[in-house]
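Chemist: For reference, the file protein-v6.cif (mmCIF, C-alpha atoms) is included below:
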```cif
data_query
#
loop_
_atom_site.group_PDB
_atom_site.id
_atom_site.type_symbol
_atom_site.label_atom_id
_atom_site.label_comp_id
_atom_site.auth_asym_id
_atom_site.auth_seq_id
_atom_site.Cartn_x
_atom_site.Cartn_y
_atom_site.Cartn_z
ATOM 1 C CA MET W 211 0.000 0.000 0.000
ATOM 2 C CA LYS W 212 1.310 3.400 -0.910
ATOM 3 C CA PRO W 213 0.983 6.020 1.797
ATOM 4 C CA GLY W 214 -1.551 8.580 0.669
ATOM 5 C CA GLY W 215 -3.072 6.256 -1.888
ATOM 6 C CA PRO W 216 -6.828 6.210 -2.303
ATOM 7 C CA PRO W 217 -8.545 4.439 0.560
ATOM 8 C CA SER W 218 -9.993 1.062 -0.234
ATOM 9 C CA LYS W 219 -11.089 -1.927 1.718
ATOM 10 C CA GLY W 220 -7.841 -3.670 0.929
ATOM 11 C CA SER W 221 -5.560 -0.805 1.840
ATOM 12 C CA ARG W 222 -7.511 -0.208 5.026
ATOM 13 C CA LEU W 223 -7.030 -3.800 6.042
ATOM 14 C CA ARG W 224 -3.333 -3.497 5.421
ATOM 15 C CA SER W 225 -2.891 -0.330 7.382
ATOM 16 C CA ALA W 226 -4.939 -2.141 9.931
ATOM 17 C CA THR W 227 -2.331 -4.773 10.119
ATOM 18 C CA ALA W 228 0.561 -2.584 9.229
ATOM 19 C CA ARG W 229 3.158 -4.586 11.059
ATOM 20 C CA GLN W 230 2.332 -7.271 8.576
ATOM 21 C CA ALA W 231 2.621 -4.835 5.717
ATOM 22 C CA GLY W 232 6.256 -5.573 5.003
ATOM 23 C CA VAL W 233 5.140 -7.123 1.789
ATOM 24 C CA ALA W 234 2.013 -5.291 0.813
ATOM 25 C CA GLY W 235 0.126 -4.865 -2.412
ATOM 26 C CA GLU W 236 -1.068 -1.541 -3.670
ATOM 27 C CA ASN W 237 -4.774 -1.033 -3.008
ATOM 28 C CA VAL W 238 -5.425 -4.685 -3.529
ATOM 29 C CA ASP W 239 -7.191 -7.034 -1.187
ATOM 30 C CA PRO W 240 -4.425 -9.259 0.179
ATOM 31 C CA SER W 241 -6.517 -12.372 -0.221
ATOM 32 C CA THR W 242 -6.801 -11.848 -3.964
ATOM 33 C CA ALA W 243 -3.651 -9.843 -4.615
ATOM 34 C CA LEU W 244 -1.647 -10.846 -7.610
ATOM 35 C CA ARG W 245 1.790 -11.793 -6.494
ATOM 36 C CA THR W 246 3.317 -9.390 -8.937
ATOM 37 C CA SER W 247 1.597 -6.428 -7.255
ATOM 38 C CA LEU W 248 3.377 -6.950 -3.948
ATOM 39 C CA ALA W 249 6.662 -5.345 -2.981
ATOM 40 C CA PRO W 250 8.678 -4.840 0.191
ATOM 41 C CA GLN W 251 8.170 -1.405 1.770
ATOM 42 C CA ILE W 252 11.394 -0.394 3.492
ATOM 43 C CA LEU W 253 10.585 1.645 6.614
ATOM 44 C CA ASP W 254 12.430 2.847 9.677
ATOM 45 C CA ILE W 255 10.771 2.717 13.087
ATOM 46 C CA ASP W 256 9.194 6.138 12.656
ATOM 47 C CA GLY W 257 7.838 5.211 9.260
ATOM 48 C CA PHE W 258 6.333 2.122 10.809
ATOM 49 C CA ILE W 259 4.756 4.104 13.647
ATOM 50 C CA ALA W 260 3.277 6.610 11.204
ATOM 51 C CA ARG W 261 1.843 3.724 9.241
ATOM 52 C CA VAL W 262 0.124 1.982 12.139
ATOM 53 C CA GLU W 263 -1.013 4.844 14.369
ATOM 54 C CA PRO W 264 -4.169 5.796 12.474
ATOM 55 C CA PHE W 265 -5.366 2.207 12.575
ATOM 56 C CA PHE W 266 -4.414 1.611 16.201
ATOM 57 C CA LYS W 267 -6.414 4.665 17.170
ATOM 58 C CA GLU W 268 -9.617 3.189 15.858
ATOM 59 C CA ASN W 269 -9.065 -0.545 16.167
ATOM 60 C CA GLY W 270 -7.993 -2.979 18.802
ATOM 61 C CA PHE W 271 -4.882 -4.826 17.712
ATOM 62 C CA TYR W 272 -3.191 -7.667 19.573
ATOM 63 C CA GLU W 273 -0.333 -9.522 17.960
ATOM 64 C CA LYS W 274 1.005 -12.660 19.553
ATOM 65 C CA GLU W 275 3.758 -15.052 18.556
ATOM 66 C CA ILE W 276 2.530 -18.634 18.261
ATOM 67 C CA ALA W 277 5.659 -20.422 17.055
ATOM 68 C CA ARG W 278 9.315 -19.663 16.474
ATOM 69 C CA ARG W 279 12.493 -21.020 14.926
ATOM 70 C CA THR W 280 15.750 -19.428 16.089
ATOM 71 C CA GLU W 281 19.275 -19.552 14.659
ATOM 72 C CA GLN W 282 22.074 -17.980 16.664
ATOM 73 C CA PHE W 283 25.809 -17.460 16.109
ATOM 74 C CA GLY W 284 28.240 -15.078 17.796
ATOM 75 C CA ASN W 285 26.467 -11.759 18.274
ATOM 76 C CA ILE W 286 23.814 -12.311 15.621
ATOM 77 C CA ALA W 287 20.542 -14.215 15.601
ATOM 78 C CA HIS W 288 17.615 -14.804 13.308
ATOM 79 C CA VAL W 289 14.086 -15.554 14.479
ATOM 80 C CA TRP W 290 11.469 -16.950 12.088
ATOM 81 C CA SER W 291 8.443 -15.925 14.100
ATOM 82 C CA ILE W 292 4.865 -16.973 13.340
ATOM 83 C CA TYR W 293 2.225 -14.552 14.638
ATOM 84 C CA GLU W 294 -1.520 -14.192 15.020
ATOM 85 C CA SER W 295 -3.375 -10.846 15.117
ATOM 86 C CA ARG W 296 -6.665 -10.204 16.939
ATOM 87 C CA HIS W 297 -8.889 -7.156 17.372
ATOM 88 C CA ASN W 298 -9.640 -8.198 20.948
ATOM 89 C CA GLU W 299 -7.256 -10.101 23.151
ATOM 90 C CA ASP W 300 -9.847 -12.812 23.764
ATOM 91 C CA ASP W 301 -11.172 -13.219 20.217
ATOM 92 C CA PRO W 302 -11.303 -16.963 19.700
ATOM 93 C CA GLU W 303 -9.873 -16.694 16.181
ATOM 94 C CA PRO W 304 -7.250 -14.306 14.785
ATOM 95 C CA PHE W 305 -8.265 -12.105 11.837
ATOM 96 C CA MET W 306 -4.760 -12.471 10.421
ATOM 97 C CA ARG W 307 -1.635 -14.579 10.693
ATOM 98 C CA GLY W 308 1.789 -14.209 9.159
ATOM 99 C CA ILE W 309 5.521 -14.642 9.602
ATOM 100 C CA ASN W 310 8.168 -12.172 10.801
ATOM 101 C CA SER W 311 11.807 -12.715 9.835
ATOM 102 C CA ILE W 312 13.667 -10.907 12.635
ATOM 103 C CA GLN W 313 17.419 -10.193 12.664
ATOM 104 C CA LEU W 314 18.854 -9.526 16.123
ATOM 105 C CA PHE W 315 22.162 -8.252 17.477
ATOM 106 C CA ASN W 316 23.633 -8.745 20.936
ATOM 107 C CA ASP W 317 26.262 -6.136 21.901
ATOM 108 C CA GLY W 318 27.363 -8.126 24.949
ATOM 109 C CA LYS W 319 24.928 -6.321 27.225
ATOM 110 C CA ARG W 320 21.558 -6.471 25.485
ATOM 111 C CA TRP W 321 19.686 -7.581 22.402
ATOM 112 C CA TRP W 322 18.740 -5.199 19.587
ATOM 113 C CA ILE W 323 16.340 -5.641 16.681
ATOM 114 C CA VAL W 324 18.262 -4.859 13.490
ATOM 115 C CA ASN W 325 15.580 -5.703 10.963
ATOM 116 C CA ILE W 326 12.040 -7.114 10.758
ATOM 117 C CA TYR W 327 10.753 -8.379 7.411
ATOM 118 C CA TRP W 328 7.311 -9.940 7.143
ATOM 119 C CA GLN W 329 4.375 -11.096 5.144
ATOM 120 C CA GLN W 330 0.758 -11.806 5.977
ATOM 121 C CA GLU W 331 -0.917 -15.057 5.293
ATOM 122 C CA SER W 332 -3.395 -15.216 2.397
ATOM 123 C CA ALA W 333 -5.670 -17.833 0.900
ATOM 124 C CA GLU W 334 -3.044 -18.298 -1.779
ATOM 125 C CA ASN W 335 -0.173 -18.465 0.708
ATOM 126 C CA PRO W 336 -1.198 -20.159 3.940
ATOM 127 C CA VAL W 337 1.398 -20.503 6.698
ATOM 128 C CA PRO W 338 2.920 -23.961 6.144
ATOM 129 C CA GLU W 339 1.789 -26.475 8.732
ATOM 130 C CA LYS W 340 5.396 -27.259 9.677
ATOM 131 C CA TYR W 341 5.857 -23.712 10.991
ATOM 132 C CA LEU W 342 2.822 -23.887 13.282
ATOM 133 C CA THR W 343 4.290 -26.667 15.359
ATOM 134 C CA LEU W 344 7.702 -25.126 16.075
ATOM 135 C CA ASN W 345 8.968 -25.107 19.656
ATOM 136 C CA MET P 78 4.228 -1.313 -10.640
ATOM 137 C CA GLU P 79 5.541 -0.138 -7.329
ATOM 138 C CA THR P 80 8.844 -1.942 -7.744
ATOM 139 C CA ASN P 81 9.736 0.249 -10.696
ATOM 140 C CA ASP P 82 8.794 3.454 -8.892
ATOM 141 C CA THR P 83 10.915 2.506 -5.950
ATOM 142 C CA GLN P 84 13.740 1.506 -8.199
ATOM 143 C CA GLN P 85 13.853 4.914 -9.814
ATOM 144 C CA LYS P 86 13.677 6.665 -6.475
ATOM 145 C CA ASN P 87 16.181 4.632 -4.540
ATOM 146 C CA GLU P 88 18.748 3.444 -6.996
ATOM 147 C CA SER P 89 21.736 5.742 -7.186
ATOM 148 C CA SER P 90 23.328 3.811 -10.019
ATOM 149 C CA PRO P 91 21.167 2.383 -12.761
ATOM 150 C CA ALA P 92 20.697 -1.307 -12.066
ATOM 151 C CA ARG P 93 21.298 -3.693 -14.875
ATOM 152 C CA ARG P 94 18.557 -6.160 -15.583
ATOM 153 C CA ALA P 95 19.409 -9.330 -13.736
ATOM 154 C CA ASP P 96 20.548 -12.393 -15.620
ATOM 155 C CA PRO P 97 17.443 -14.605 -15.254
ATOM 156 C CA THR P 98 19.605 -17.577 -14.314
ATOM 157 C CA ASP P 99 20.986 -15.563 -11.349
ATOM 158 C CA VAL P 100 17.552 -14.905 -9.862
ATOM 159 C CA GLU P 101 15.378 -17.872 -10.801
ATOM 160 C CA SER P 102 15.661 -19.699 -7.473
ATOM 161 C CA ILE P 103 16.855 -19.234 -3.917
ATOM 162 C CA ASP P 104 19.822 -21.393 -4.726
ATOM 163 C CA ALA P 105 20.653 -19.335 -7.825
ATOM 164 C CA ILE P 106 20.533 -15.909 -6.164
ATOM 165 C CA VAL P 107 22.544 -16.995 -3.123
ATOM 166 C CA THR P 108 25.136 -18.634 -5.350
ATOM 167 C CA ALA P 109 25.295 -15.518 -7.575
ATOM 168 C CA ALA P 110 25.782 -13.256 -4.553
ATOM 169 C CA TYR P 111 28.826 -15.243 -3.451
ATOM 170 C CA ASP P 112 30.167 -15.632 -6.959
ATOM 171 C CA GLY P 113 29.894 -11.913 -7.690
ATOM 172 C CA ILE P 114 32.200 -10.846 -4.862
ATOM 173 C CA SER P 115 34.783 -13.570 -5.527
ATOM 174 C CA GLY P 116 37.900 -13.122 -7.650
ATOM 175 C CA PRO P 117 41.680 -12.727 -7.740
ATOM 176 C CA ALA P 118 43.528 -9.700 -6.334
ATOM 177 C CA GLY P 119 43.013 -6.581 -8.382
ATOM 178 C CA LYS P 120 40.242 -7.963 -10.536
ATOM 179 C CA LYS P 121 37.428 -5.464 -10.904
ATOM 180 C CA ARG P 122 34.197 -7.173 -9.880
ATOM 181 C CA ASP P 123 31.084 -7.031 -12.017
ATOM 182 C CA TRP P 124 29.273 -4.729 -9.593
ATOM 183 C CA ASP P 125 26.324 -4.229 -11.922
ATOM 184 C CA ARG P 126 25.655 -7.939 -11.709
ATOM 185 C CA GLU P 127 25.836 -7.745 -7.912
ATOM 186 C CA ARG P 128 23.503 -4.704 -7.891
ATOM 187 C CA SER P 129 21.016 -6.550 -10.092
ATOM 188 C CA LEU P 130 20.457 -9.080 -7.297
ATOM 189 C CA TYR P 131 19.402 -6.490 -4.693
ATOM 190 C CA PHE P 132 15.940 -5.029 -4.146
ATOM 191 C CA PRO P 133 16.005 -1.199 -4.278
ATOM 192 C CA GLY P 134 16.778 0.052 -0.772
ATOM 193 C CA ALA P 135 18.320 -3.276 0.280
ATOM 194 C CA ARG P 136 20.656 -3.210 3.265
ATOM 195 C CA LEU P 137 23.966 -4.997 3.810
ATOM 196 C CA ILE P 138 24.846 -5.200 7.489
ATOM 197 C CA PRO P 139 28.259 -6.454 8.599
ATOM 198 C CA THR P 140 29.038 -6.697 12.290
ATOM 199 C CA ALA P 141 32.419 -5.065 12.873
ATOM 200 C CA MET P 142 35.239 -6.691 14.838
ATOM 201 C CA LYS P 143 36.622 -5.273 18.063
ATOM 202 C CA ALA P 144 39.897 -3.377 17.712
ATOM 203 C CA GLY P 145 42.683 -5.512 19.111
ATOM 204 C CA GLY P 146 40.770 -8.592 18.101
ATOM 205 C CA PRO P 147 41.787 -10.814 15.240
ATOM 206 C CA PRO P 148 43.358 -8.766 12.442
ATOM 207 C CA SER P 149 40.829 -7.582 9.940
ATOM 208 C CA THR P 150 40.667 -9.815 6.939
ATOM 209 C CA GLY P 151 39.287 -6.970 4.947
ATOM 210 C CA SER P 152 36.319 -8.230 3.070
ATOM 211 C CA ARG P 153 33.130 -7.180 4.644
ATOM 212 C CA VAL P 154 34.127 -6.669 8.248
ATOM 213 C CA ALA P 155 36.960 -4.198 7.888
ATOM 214 C CA GLY P 156 35.709 -2.034 10.717
ATOM 215 C CA GLU P 157 37.922 -0.095 13.081
ATOM 216 C CA ASN P 158 35.307 0.220 15.773
ATOM 217 C CA ASP P 159 36.341 -0.336 19.328
ATOM 218 C CA LYS P 160 33.339 -2.530 19.854
ATOM 219 C CA ILE P 161 31.189 -4.824 17.833
ATOM 220 C CA ALA P 162 28.279 -3.110 16.148
ATOM 221 C CA PRO P 163 26.179 -3.644 13.026
ATOM 222 C CA GLN P 164 27.188 -1.350 10.154
ATOM 223 C CA ILE P 165 24.122 -0.550 8.077
ATOM 224 C CA LEU P 166 25.195 -0.145 4.441
ATOM 225 C CA ASP P 167 23.546 -0.040 1.046
ATOM 226 C CA ILE P 168 25.074 -1.847 -1.913
ATOM 227 C CA ASP P 169 27.259 1.139 -2.852
ATOM 228 C CA GLY P 170 28.482 1.509 0.729
ATOM 229 C CA PHE P 171 29.360 -2.156 0.684
ATOM 230 C CA ILE P 172 31.253 -1.848 -2.603
ATOM 231 C CA ALA P 173 33.227 1.133 -1.275
ATOM 232 C CA ARG P 174 34.106 -0.915 1.813
ATOM 233 C CA VAL P 175 35.423 -3.970 0.011
ATOM 234 C CA GLU P 176 37.075 -2.497 -3.087
ATOM 235 C CA PRO P 177 40.379 -1.458 -1.455
ATOM 236 C CA PHE P 178 40.767 -4.943 -0.022
ATOM 237 C CA PHE P 179 39.800 -6.678 -3.262
ATOM 238 C CA GLY P 180 42.319 -4.478 -5.088
ATOM 239 C CA GLU P 181 45.162 -6.073 -3.170
ATOM 240 C CA ASN P 182 43.912 -9.487 -2.098
ATOM 241 C CA GLY P 183 42.418 -12.517 -3.728
ATOM 242 C CA PHE P 184 39.052 -13.261 -2.201
ATOM 243 C CA TYR P 185 36.816 -16.263 -2.834
ATOM 244 C CA GLU P 186 33.706 -16.761 -0.766
ATOM 245 C CA LYS P 187 31.767 -20.000 -0.967
ATOM 246 C CA GLU P 188 28.682 -21.246 0.816
ATOM 247 C CA ILE P 189 29.252 -24.520 2.634
ATOM 248 C CA ALA P 190 25.892 -25.043 4.368
ATOM 249 C CA ARG P 191 22.449 -23.471 4.443
ATOM 250 C CA ARG P 192 19.146 -23.464 6.275
ATOM 251 C CA VAL P 193 16.146 -22.054 4.449
ATOM 252 C CA GLU P 194 12.740 -20.919 5.691
ATOM 253 C CA GLN P 195 10.137 -19.910 3.136
ATOM 254 C CA PHE P 196 6.582 -18.573 3.259
ATOM 255 C CA GLY P 197 4.537 -16.764 0.621
ATOM 256 C CA GLN P 198 6.959 -14.495 -1.173
ATOM 257 C CA ILE P 199 9.496 -14.150 1.599
ATOM 258 C CA ALA P 200 12.389 -16.393 2.504
ATOM 259 C CA HIS P 201 15.267 -16.450 4.946
ATOM 260 C CA VAL P 202 18.563 -18.179 4.307
ATOM 261 C CA TRP P 203 20.968 -18.862 7.176
ATOM 262 C CA SER P 204 24.045 -19.301 5.025
ATOM 263 C CA ILE P 205 27.396 -20.551 6.292
ATOM 264 C CA TYR P 206 30.396 -19.416 4.233
ATOM 265 C CA GLU P 207 34.136 -19.951 3.884
ATOM 266 C CA SER P 208 36.547 -17.334 2.486
ATOM 267 C CA ARG P 209 39.835 -18.090 0.714
ATOM 268 C CA HIS P 210 42.558 -15.927 -0.827
ATOM 269 C CA ASN P 211 43.006 -18.442 -3.649
ATOM 270 C CA GLU P 212 40.276 -20.635 -4.994
ATOM 271 C CA ASP P 213 42.317 -23.770 -4.315
ATOM 272 C CA ASP P 214 43.638 -22.907 -0.850
ATOM 273 C CA PRO P 215 43.116 -26.075 1.164
ATOM 274 C CA GLU P 216 41.857 -24.157 4.193
ATOM 275 C CA PRO P 217 39.757 -20.984 4.381
ATOM 276 C CA PHE P 218 41.246 -17.981 6.201
ATOM 277 C CA MET P 219 37.790 -17.089 7.475
ATOM 278 C CA ARG P 220 34.318 -18.476 7.962
ATOM 279 C CA GLY P 221 31.065 -16.868 9.029
ATOM 280 C CA ILE P 222 27.313 -16.788 8.675
ATOM 281 C CA ASN P 223 25.090 -14.627 6.477
ATOM 282 C CA SER P 224 21.444 -14.083 7.426
ATOM 283 C CA ILE P 225 19.825 -13.341 4.059
ATOM 284 C CA GLN P 226 16.246 -12.107 3.574
ATOM 285 C CA LEU P 227 14.817 -12.699 0.115
ATOM 286 C CA PHE P 228 11.710 -11.601 -1.788
ATOM 287 C CA ASN P 229 10.044 -13.210 -4.780
ATOM 288 C CA ASP P 230 7.929 -10.812 -6.871
ATOM 289 C CA GLY P 231 6.362 -13.643 -8.849
ATOM 290 C CA LYS P 232 9.000 -13.402 -11.551
ATOM 291 C CA ARG P 233 12.345 -13.444 -9.780
ATOM 292 C CA TRP P 234 14.107 -13.457 -6.422
ATOM 293 C CA TRP P 235 15.581 -10.317 -4.823
ATOM 294 C CA ILE P 236 17.949 -9.880 -1.891
ATOM 295 C CA VAL P 237 16.288 -7.519 0.607
ATOM 296 C CA ASN P 238 18.882 -7.728 3.362
ATOM 297 C CA ILE P 239 22.150 -9.473 4.239
ATOM 298 C CA TYR P 240 23.343 -9.392 7.846
ATOM 299 C CA TRP P 241 26.467 -11.251 8.854
ATOM 300 C CA GLN P 242 29.243 -12.001 11.272
ATOM 301 C CA GLN P 243 32.628 -13.674 10.929
ATOM 302 C CA GLU P 244 33.719 -16.567 13.034
ATOM 303 C CA SER P 245 36.220 -15.911 15.829
ATOM 304 C CA ALA P 246 38.053 -17.966 18.430
ATOM 305 C CA GLU P 247 35.454 -16.976 21.035
ATOM 306 C CA ASN P 248 32.570 -17.561 18.662
ATOM 307 C CA PRO P 249 33.145 -20.634 16.520
ATOM 308 C CA ILE P 250 30.391 -21.704 14.144
ATOM 309 C CA PRO P 251 28.215 -24.241 15.964
ATOM 310 C CA GLN P 252 28.715 -27.732 14.599
ATOM 311 C CA ARG P 253 25.005 -28.092 13.863
ATOM 312 C CA TYR P 254 25.203 -25.335 11.246
ATOM 313 C CA LEU P 255 27.883 -27.071 9.232
ATOM 314 C CA LYS P 256 25.382 -29.637 8.028
ATOM 315 C CA TRP P 257 23.758 -28.654 4.729
ATOM 316 C CA VAL P 258 19.992 -28.380 5.023
ATOM 317 C CA ARG P 259 18.042 -28.057 1.795
ATOM 318 C CA PRO P 260 14.662 -26.364 1.725
ATOM 319 C CA THR P 261 11.776 -28.805 1.628
ATOM 320 C CA ALA P 262 10.270 -27.101 -1.391
ATOM 321 C CA GLU P 263 11.632 -24.089 -3.213
ATOM 322 C CA LEU P 264 9.339 -21.597 -4.862
ATOM 323 C CA ARG P 265 10.029 -22.087 -8.577
#
```
Could you show the structure in this file as structure tokens?
Modeler:
Amino acid sequence: MKPGGPPSKGSRLRSATARQAGVAGENVDPSTALRTSLAPQILDIDGFIARVEPFFKENGFYEKEIARRTEQFGNIAHVWSIYESRHNEDDPEPFMRGINSIQLFNDGKRWWIVNIYWQQESAENPVPEKYLTLN
Amino acid sequence: METNDTQQKNESSPARRADPTDVESIDAIVTAAYDGISGPAGKKRDWDRERSLYFPGARLIPTAMKAGGPPSTGSRVAGENDKIAPQILDIDGFIARVEPFFGENGFYEKEIARRVEQFGQIAHVWSIYESRHNEDDPEPFMRGINSIQLFNDGKRWWIVNIYWQQESAENPIPQRYLKWVRPTAELR
């Protein structure tokens, strides 16, 4: 979704779930989006905040990790993190799922997030079963 | 298409169209990325080929060695920082960093093992590499791990991000990562 693009149901849903908008189509419903219309949107933390704030103001949003695969070496780590998103914390079903690829750095004292790259699940691209049973 | 818009906005040097055989699979693009930086001392690399692998705005993030640690082997971790920290570069920043070293030293980097995760159009490759000054050196002078994020636009693969660290005496590569793990099913 392009910032400032015409509002549509699809773009609204994506700003709604903007943390999952790492790979977002342009004004296309994610469930029917052609793969060729999607592209990574490279944001910094402030760009991300600007993207999600309007939605968070009007909508409940709870994102929870449900499974994870971690690789670690030296000061670096990668987490393949499967998430579910809900409008209310106790909604029985999530309205969205997806996967975050998270690169981490440990400076000897603490962990830092270096990069988060993600995509939402769609009818065309369901989260593979093998990732739902990690850890 | 958005990709083209972004390309025009973000790309400082015009990117050559990728060789389709470099970007047709995860295996192909990872192999091309290693191949493109490898060569004898003083040989000018085909940087346009390397650029053609990267999504506009892609980041290359080495973690720099501590001063007083093992001598810098040039390549991608030639930092003079007094502590370890990620260096966030774009492709041109990366090229500027490695060119002086490549001018004077042979450098061959080869992947020796890999773990791949894939979902939808995104993929992550945890890629273990060895570096040699000569292609036929029996032992590498360095090893390390690249964390590579990839994107498939439906037609080709792109590198979105490479984040890496070299091996050191304190941080040897865990034995479990030296076993090659193929993806269960690659997207095209």
Chemist: For the structure provided, state which residues fall under the PyMOL selection byres ((chain P) within 8 of (chain W)), and present them as a PyMOL selection string.
Modeler: chain P and resi 78-80+134+161-163+194+196-199+201+203+222+224+226+228+230-232+240-242+244+248-251
Chemist: Report, in Å to a single decimal, how far apart CA of Ala95 (chain P) and CA of Leu130 (chain P) are.
Modeler: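 The value is 6.5 Å.
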Chemist: Give me the residues near region 169-172 of chain P as a ChimeraX atom specification, where near means some atom within 8 Å (using all atoms listed in the file) and where sequence neighbours in that chain fewer than 2 positions away do not count.
Modeler: /P:124,137,153,166-167,174-176
Chemist: Can you tell me which residues surround Asn182 (chain P) at a distance of at most 6 Å, considering all atoms listed in the file, apart from same-chain residues fewer than 3 positions away, and format the answer as a VMD selection string?
Modeler: chain P and resid 118 178 to 179
Chemist: Those selected residues, please, written with C-alpha atoms and delivered as a compact mmCIF listing (two decimals), in the frame of the given file.
Modeler:
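Writing done, so here's result.txt:
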```txt
# COMPACT_ATOMS: atom_id res chain seq x y z
CA ALA P 118 43.53 -9.70 -6.33
CA PHE P 178 40.77 -4.94 -0.02
CA PHE P 179 39.80 -6.68 -3.26
```
Chemist: Using only C-alpha atoms, find the one residue out of W:Ile323, W:Thr280, W:Arg261, W:Gly270 that sits nearest to Phe305 (chain W).
Modeler: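 Nearest candidate to Phe305 (chain W) out of W:Ile323, W:Thr280, W:Arg261, W:Gly270: W:Gly270.
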Chemist: From the block you just saw, export region 235-254 of chain P: N, CA and C atoms, as a PDB file, in the first residue's frame.
Modeler:
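For reference, selection-v9.pdb as written:
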```pdb
ATOM      1  N   TRP P 235      14.803 -11.509  -5.165  1.00  0.00           N
ATOM      2  CA  TRP P 235      15.581 -10.317  -4.823  1.00  0.00           C
ATOM      3  C   TRP P 235      16.198 -10.515  -3.443  1.00  0.00           C
ATOM      4  N   ILE P 236      17.389  -9.969  -3.240  1.00  0.00           N
ATOM      5  CA  ILE P 236      17.949  -9.880  -1.891  1.00  0.00           C
ATOM      6  C   ILE P 236      17.442  -8.584  -1.254  1.00  0.00           C
ATOM      7  N   VAL P 237      16.812  -8.695  -0.102  1.00  0.00           N
ATOM      8  CA  VAL P 237      16.288  -7.519   0.607  1.00  0.00           C
ATOM      9  C   VAL P 237      17.279  -7.073   1.680  1.00  0.00           C
ATOM     10  N   ASN P 238      17.999  -8.037   2.230  1.00  0.00           N
ATOM     11  CA  ASN P 238      18.882  -7.728   3.362  1.00  0.00           C
ATOM     12  C   ASN P 238      19.897  -8.860   3.545  1.00  0.00           C
ATOM     13  N   ILE P 239      21.154  -8.485   3.800  1.00  0.00           N
ATOM     14  CA  ILE P 239      22.150  -9.473   4.239  1.00  0.00           C
ATOM     15  C   ILE P 239      22.814  -8.945   5.507  1.00  0.00           C
ATOM     16  N   TYR P 240      22.820  -9.768   6.519  1.00  0.00           N
ATOM     17  CA  TYR P 240      23.343  -9.392   7.846  1.00  0.00           C
ATOM     18  C   TYR P 240      24.296 -10.511   8.235  1.00  0.00           C
ATOM     19  N   TRP P 241      25.517 -10.162   8.644  1.00  0.00           N
ATOM     20  CA  TRP P 241      26.467 -11.251   8.854  1.00  0.00           C
ATOM     21  C   TRP P 241      27.476 -10.994   9.950  1.00  0.00           C
ATOM     22  N   GLN P 242      28.129 -12.076  10.334  1.00  0.00           N
ATOM     23  CA  GLN P 242      29.243 -12.001  11.272  1.00  0.00           C
ATOM     24  C   GLN P 242      30.257 -13.067  10.902  1.00  0.00           C
ATOM     25  N   GLN P 243      31.543 -12.723  11.119  1.00  0.00           N
ATOM     26  CA  GLN P 243      32.628 -13.674  10.929  1.00  0.00           C
ATOM     27  C   GLN P 243      32.780 -14.550  12.165  1.00  0.00           C
ATOM     28  N   GLU P 244      33.384 -15.682  11.929  1.00  0.00           N
ATOM     29  CA  GLU P 244      33.719 -16.567  13.034  1.00  0.00           C
ATOM     30  C   GLU P 244      34.937 -16.003  13.775  1.00  0.00           C
ATOM     31  N   SER P 245      35.034 -16.286  15.062  1.00  0.00           N
ATOM     32  CA  SER P 245      36.220 -15.911  15.829  1.00  0.00           C
ATOM     33  C   SER P 245      36.520 -17.040  16.800  1.00  0.00           C
ATOM     34  N   ALA P 246      37.677 -16.933  17.466  1.00  0.00           N
ATOM     35  CA  ALA P 246      38.053 -17.966  18.430  1.00  0.00           C
ATOM     36  C   ALA P 246      36.991 -18.088  19.524  1.00  0.00           C
ATOM     37  N   GLU P 247      36.476 -16.925  19.974  1.00  0.00           N
ATOM     38  CA  GLU P 247      35.454 -16.976  21.035  1.00  0.00           C
ATOM     39  C   GLU P 247      34.105 -17.457  20.510  1.00  0.00           C
ATOM     40  N   ASN P 248      33.871 -17.210  19.231  1.00  0.00           N
ATOM     41  CA  ASN P 248      32.570 -17.561  18.662  1.00  0.00           C
ATOM     42  C   ASN P 248      32.709 -18.451  17.442  1.00  0.00           C
ATOM     43  N   PRO P 249      33.058 -19.727  17.663  1.00  0.00           N
ATOM     44  CA  PRO P 249      33.145 -20.634  16.520  1.00  0.00           C
ATOM     45  C   PRO P 249      31.744 -20.970  15.994  1.00  0.00           C
ATOM     46  N   ILE P 250      31.682 -21.311  14.723  1.00  0.00           N
ATOM     47  CA  ILE P 250      30.391 -21.704  14.144  1.00  0.00           C
ATOM     48  C   ILE P 250      29.927 -23.001  14.803  1.00  0.00           C
ATOM     49  N   PRO P 251      28.721 -23.007  15.340  1.00  0.00           N
ATOM     50  CA  PRO P 251      28.215 -24.241  15.964  1.00  0.00           C
ATOM     51  C   PRO P 251      28.199 -25.402  14.956  1.00  0.00           C
ATOM     52  N   GLN P 252      28.609 -26.546  15.442  1.00  0.00           N
ATOM     53  CA  GLN P 252      28.715 -27.732  14.599  1.00  0.00           C
ATOM     54  C   GLN P 252      27.410 -28.022  13.843  1.00  0.00           C
ATOM     55  N   ARG P 253      26.293 -27.763  14.495  1.00  0.00           N
ATOM     56  CA  ARG P 253      25.005 -28.092  13.863  1.00  0.00           C
ATOM     57  C   ARG P 253      24.757 -27.310  12.578  1.00  0.00           C
ATOM     58  N   TYR P 254      25.427 -26.142  12.448  1.00  0.00           N
ATOM     59  CA  TYR P 254      25.203 -25.335  11.246  1.00  0.00           C
ATOM     60  C   TYR P 254      26.074 -25.762  10.071  1.00  0.00           C
TER      61      TYR P 254
END
```
